[in-house]
Amino acid sequence: MQRSFTNLPNAVRKICVGLSLLTLPSFAAADIELTFGAYTADKPTEVVKQFKPILTYLEQDLTERLGEPVTFKMRIARTYEAGLDDLVAGHVDLARFGPASYVLAKDRDPKIGIVAMETKKGGKTFPGVIAIHNSSEIQTLSDLKDHSFAFGDASSTIGRFLAQEQLLQVGITSEQLSDFEYLGRHDRVGTAVGQGTFDAGALKQSTFLKLQESGVPIKALIEFSNVTKPWLHSSTVDVNVVDALHQSMLAIQDQTILEAFSKSGFVAGSDDDYAPIRAAMSVSEDFGG
């Protein structure tokens, strides 16, 4: 007759319990829930529309790479500063930032890292534009002296730092402008120039072209080079998730996904790629205002 487990001596019973635990089925790990962060460089509805396809792709691809379900939710900040705060505080796990915002975030938390850099036709740069009204008689950057200028956000790479660097190269500081203002979003800058509220303004090329196509009467005075955007991970994301994100983003081939934010792919990036932006941010301190 089989002896009852409860009748075994205590010492033996403990051994049997330990052995029985080894044979219990393991429980599946909890789903991985990640938050993607961005800020409203354009209309919030456009931001959501831009990133839904790539987040859907990442959910599916990461689920396969990590062997457990991965889901994303989106957190859209109303300002560059709020988006930066979200990343530094760990409220978002993955974020798409402009180069200047990356520099500011990295300065606040050195453990923030680059998952991947966007590419434009295989390169790591893309144009910014200083736009003027179609009827404007301004011909050169130097002609902007004593005219009004619309910048984007105070933390914008194109909309502030690089544009101010361009103006400083021809000797124009804030004191040489008749007026200037930070309007926040690129589309607001282009629209204001088209309405004649400002004589010139700085915005990214993709928004400039969309506004032109929609009938806003603006043209390019000059174009200047900017480093492509980095996709960043917060300091709280597990290293295995970071590695999977890196591999997943480098593997994207679907042009429908990439064209949603006007880029052609992703490549590995490093802090050194953003040295020109750090330099421009330093130079812009001489602009004043």
# chains A, B, ... in the order shown; residues from 1 in each chain; ligands from 1
>>> residues_around(residues="Gly269 in chain A", least_positions_apart="5", cutoff="7 Å", atoms="only C-alpha atoms", output="compact mmCIF listing (two decimals) with all heavy atoms, in the first residue's frame")
# COMPACT_ATOMS: atom_id res chain seq x y z
N ILE A 114 20.78 55.99 -27.91
CA ILE A 114 20.23 55.99 -29.27
C ILE A 114 19.93 54.55 -29.68
O ILE A 114 20.82 53.70 -29.70
CB ILE A 114 21.24 56.61 -30.25
CG1 ILE A 114 21.51 58.08 -29.88
CG2 ILE A 114 20.71 56.53 -31.68
CD1 ILE A 114 22.64 58.71 -30.65
N ALA A 116 18.37 53.93 -32.78
CA ALA A 116 18.72 53.98 -34.21
C ALA A 116 18.55 55.41 -34.69
O ALA A 116 17.88 56.23 -34.05
CB ALA A 116 17.83 53.04 -35.02
N MET A 117 19.18 55.71 -35.83
CA MET A 117 19.03 57.00 -36.49
C MET A 117 18.25 56.83 -37.78
O MET A 117 18.43 55.84 -38.49
CB MET A 117 20.39 57.61 -36.84
CG MET A 117 21.14 58.22 -35.70
SD MET A 117 22.74 58.88 -36.27
CE MET A 117 22.22 60.25 -37.33
>>> residues_around(residues="Lys204 in chain A", least_positions_apart="6", cutoff="7 Å", atoms="only C-alpha atoms", output="PyMOL selection string")
chain A and resi 127-129+158+186
>>> residues_around(residues="Asp143 in chain A", least_positions_apart="3", cutoff="12 Å", atoms="only C-alpha atoms", output="list in words")
Ile132, Ser136, Glu137, Ile138, Gln139, Thr140, Asp146, His147, Ser148, Phe149, Leu167, Val170, Gly171, Ile172, Gln176, Leu177, Asp199, Ala200 and Leu221 of chain A
>>> write_last_selection(atoms="C-alpha atoms", output="mmCIF file, in the first residue's frame")
data_model
loop_
_atom_site.group_PDB
_atom_site.id
_atom_site.type_symbol
_atom_site.label_atom_id
_atom_site.label_comp_id
_atom_site.auth_asym_id
_atom_site.auth_seq_id
_atom_site.Cartn_x
_atom_site.Cartn_y
_atom_site.Cartn_z
ATOM 1 C CA ILE A 132 9.851 83.762 -47.342
ATOM 2 C CA SER A 136 8.976 88.878 -51.113
ATOM 3 C CA GLU A 137 11.815 90.900 -52.620
ATOM 4 C CA ILE A 138 14.324 89.446 -50.139
ATOM 5 C CA GLN A 139 17.102 87.757 -52.107
ATOM 6 C CA THR A 140 19.837 86.838 -49.630
ATOM 7 C CA ASP A 146 15.564 94.836 -40.066
ATOM 8 C CA HIS A 147 12.921 92.259 -41.014
ATOM 9 C CA SER A 148 10.769 89.979 -38.837
ATOM 10 C CA PHE A 149 11.506 86.283 -38.329
ATOM 11 C CA LEU A 167 21.690 84.245 -39.271
ATOM 12 C CA VAL A 170 25.838 86.847 -41.906
ATOM 13 C CA GLY A 171 26.072 89.017 -38.812
ATOM 14 C CA ILE A 172 22.408 89.092 -37.847
ATOM 15 C CA GLN A 176 19.268 93.288 -36.070
ATOM 16 C CA LEU A 177 15.745 91.895 -36.585
ATOM 17 C CA ASP A 199 8.930 88.190 -43.354
ATOM 18 C CA ALA A 200 10.776 84.872 -42.970
ATOM 19 C CA LEU A 221 15.318 81.608 -49.398
#
>>> select_by_dssp(residues="range 1-226 of chain A", states="helix (DSSP H, G or I)", output="ChimeraX atom specification")
/A:5-7,10-22,44-66,80-88,99-108,141-144,157-169,174-176,186-194,205-213
>>> atom_distance(atom1="CA of Ser142 in chain A", atom2="CA of Ala100 in chain A")
25.2 Å
>>> atom_distance(atom1="CA of Asp31 in chain A", atom2="CA of Asp61 in chain A")
14.2 Å
>>> closest_residue(among="A:Gly113, A:Gly288, A:Gly215, A:Gly122", to="Asp271 in chain A", atoms="only C-alpha atoms")
A:Gly113
>>> residues_around(residues="Thr119 in chain A", least_positions_apart="4", cutoff="12 Å", atoms="only C-alpha atoms", output="ChimeraX atom specification")
/A:123-126,226-231,249-250,252,258-259,261-269
